[in-house]
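Novice: Have a look at this one before I ask anything.
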Amino acid sequence: MVSAPKCVSHQEILGFVQSQEAWIAKQRSKACVADLFEPDKSFQLFGQTVLLQHQRSHRGKALFQDQRLIIGGDASFFARRVKDFLCEEGLERFRQEADVFAGQLGVTIKSLTLRDTISRWGSCSSDGKISLSWRLSLMPVEIASYVVAHEVTHCKVHDHSPSFWQALSTLVSNSAQAQAWLKFYGPQIMKQGYIPHK
């Protein structure tokens, strides 16, 4: 929320907010607190609300069933096992999506990995190696798709020149909205699934 004197126009307020965008994002990031994966807590998974449950007696991999993610074993490993599930599911989903985008652009992806990044949603090396944050799985599907498309486009154009944005626009049509969403909600997403070091 922004407070301003009544004599200040909406346009002036908007201009000021836009000029202070970096500072606002920094302050929002500082205000965010770690959001842990814990039993009986809900979170967003690929745009769906999912309830985390711990069943000590459950054996094997995490079980996704009826909007619940059931994690077994010792409670001390609960958060780690949730993250492992998200990484496994996310890697399969994002790899398939990246392959479709690569086919549309006529480029080759050398590899795609998920990492526990703290400041970037993705990167692409000059030889076509793409790295994505596993936290993309915690975003709305269309926002995660934008990030995947963005990095795949870097396999074709390695900078942010007009050619890059033109190529990206052939894959997704929501660049401006996705960038705004990431700026506003990104800091809190980065804190989700934080696993404290013992």
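In the structure tokens, chains take letters A, B, ... by order of appearance, with residues numbered from 1 within each chain and ligands from 1 in the order shown.
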Give me, as a list of chain:residue names, all polymer residues having an atom no more than 12 Å from Phe77 (chain A), counting only C-alpha atoms and skipping those fewer than 2 positions away in the same chain.
Specialist: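 Surrounding residues, per the criterion: A:Phe37, A:Glu38, A:Pro39, A:His54, A:Arg56, A:Ala62, A:Ile71, A:Gly72, A:Gly73, A:Asp74, A:Ala75, A:Ala79, A:Arg80, A:Arg81, A:Val82, A:Lys83, A:Asp84, A:Ile195, A:Pro196, A:His197, A:Lys198.
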Novice: Contacts of region 105-113 of chain A at 7 Å or less, counting only C-alpha atoms, minus same-chain residues fewer than 2 places along, as JSON, numbers by chain?
Specialist: {"A": [91, 95, 101, 102, 103, 115, 128, 129, 130, 131, 132, 155, 156]}
Novice: For region 48-51 of chain A, list every protein, DNA or RNA residue within 9 Å, evaluated using only C-alpha atoms, and leave out those in the same chain fewer than 2 positions away; present the list as a ChimeraX atom specification.
Specialist: /A:39-46,53,64,66-70,140
Novice: Next, dump the selected residues to file, keeping only N, CA and C atoms, as a tab-separated table (two decimals), in the first residue's frame.
Specialist:
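Wrote it out as selection_27.tsv, contents follow:
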```tsv
chain	number	residue	atom	x	y	z
A	39	PRO	N	4.57	-30.87	8.44
A	39	PRO	CA	3.32	-31.64	8.38
A	39	PRO	C	2.09	-30.76	8.63
A	40	ASP	N	1.01	-31.09	7.96
A	40	ASP	CA	-0.29	-30.41	8.10
A	40	ASP	C	-0.28	-28.98	7.60
A	41	LYS	N	0.65	-28.68	6.74
A	41	LYS	CA	0.74	-27.34	6.15
A	41	LYS	C	0.42	-27.45	4.66
A	42	SER	N	-0.29	-26.46	4.14
A	42	SER	CA	-0.63	-26.45	2.72
A	42	SER	C	0.37	-25.60	1.95
A	43	PHE	N	0.58	-25.96	0.70
A	43	PHE	CA	1.44	-25.17	-0.17
A	43	PHE	C	0.95	-25.36	-1.61
A	44	GLN	N	1.49	-24.53	-2.51
A	44	GLN	CA	1.10	-24.61	-3.92
A	44	GLN	C	2.08	-25.48	-4.68
A	45	LEU	N	1.55	-26.47	-5.40
A	45	LEU	CA	2.36	-27.36	-6.22
A	45	LEU	C	1.80	-27.33	-7.64
A	46	PHE	N	2.57	-26.75	-8.57
A	46	PHE	CA	2.12	-26.63	-9.96
A	46	PHE	C	0.71	-26.04	-10.03
A	53	GLN	N	1.43	-34.17	4.61
A	53	GLN	CA	1.11	-35.08	5.71
A	53	GLN	C	2.29	-36.00	6.01
A	64	PHE	N	1.76	-38.90	-3.70
A	64	PHE	CA	0.87	-37.78	-4.01
A	64	PHE	C	-0.50	-38.36	-4.33
A	66	ASP	N	-4.94	-37.50	-3.80
A	66	ASP	CA	-6.08	-36.71	-3.34
A	66	ASP	C	-5.64	-35.36	-2.75
A	67	GLN	N	-4.82	-34.65	-3.49
A	67	GLN	CA	-4.33	-33.32	-3.08
A	67	GLN	C	-3.53	-33.36	-1.78
A	68	ARG	N	-2.99	-34.52	-1.46
A	68	ARG	CA	-2.12	-34.67	-0.29
A	68	ARG	C	-0.78	-35.22	-0.73
A	69	LEU	N	0.27	-34.73	-0.08
A	69	LEU	CA	1.60	-35.29	-0.30
A	69	LEU	C	2.00	-35.98	0.99
A	70	ILE	N	2.04	-37.30	0.94
A	70	ILE	CA	2.30	-38.11	2.13
A	70	ILE	C	3.78	-38.48	2.17
A	140	PRO	N	2.61	-20.63	-9.98
A	140	PRO	CA	1.56	-20.95	-10.95
A	140	PRO	C	2.20	-21.50	-12.22
```
Novice: Rank A:Arg59, A:Leu114, A:Cys124, A:Cys87 by their smallest atom-to-atom distance to Ala149 (chain A), using only C-alpha atoms, and report the top residue only.
Specialist: A:Cys124
Novice: Please return, as a VMD selection string, all residues of region 97-186 of chain A that DSSP assigns to helix (DSSP H, G or I) on the basis of the backbone.
Specialist: chain A and resid 97 to 105 134 to 138 141 to 153 162 to 169 175 to 186
Novice: What does the distance from CA of Ser161 (chain A) to CA of Asp99 (chain A) come to in Å, to one decimal?
Specialist: 23.1 Å
Novice: Tell me, which residues of region 13-165 of chain A carry DSSP strand (DSSP E), written as number ranges by chain?
Specialist: A: 42-45, 48-54, 63-65, 68-71, 111-115, 122-124, 129-133
Novice: Set the distance at 10 Å and use only C-alpha atoms: which residues neighbour Ser133 (chain A) once local chain neighbours fewer than 6 positions away are removed? I'd like the list as a VMD selection string.
Specialist: chain A and resid 87 90 to 91 113 to 123 144 147 190
Novice: With a distance cut-off of 8 Å and only C-alpha atoms, select the neighbouring residues of Gln192 (chain A), excluding the residue or stretch itself and same-chain residues fewer than 5 positions from it, and output the selection as a PyMOL selection string.
Specialist: chain A and resi 34-37+135
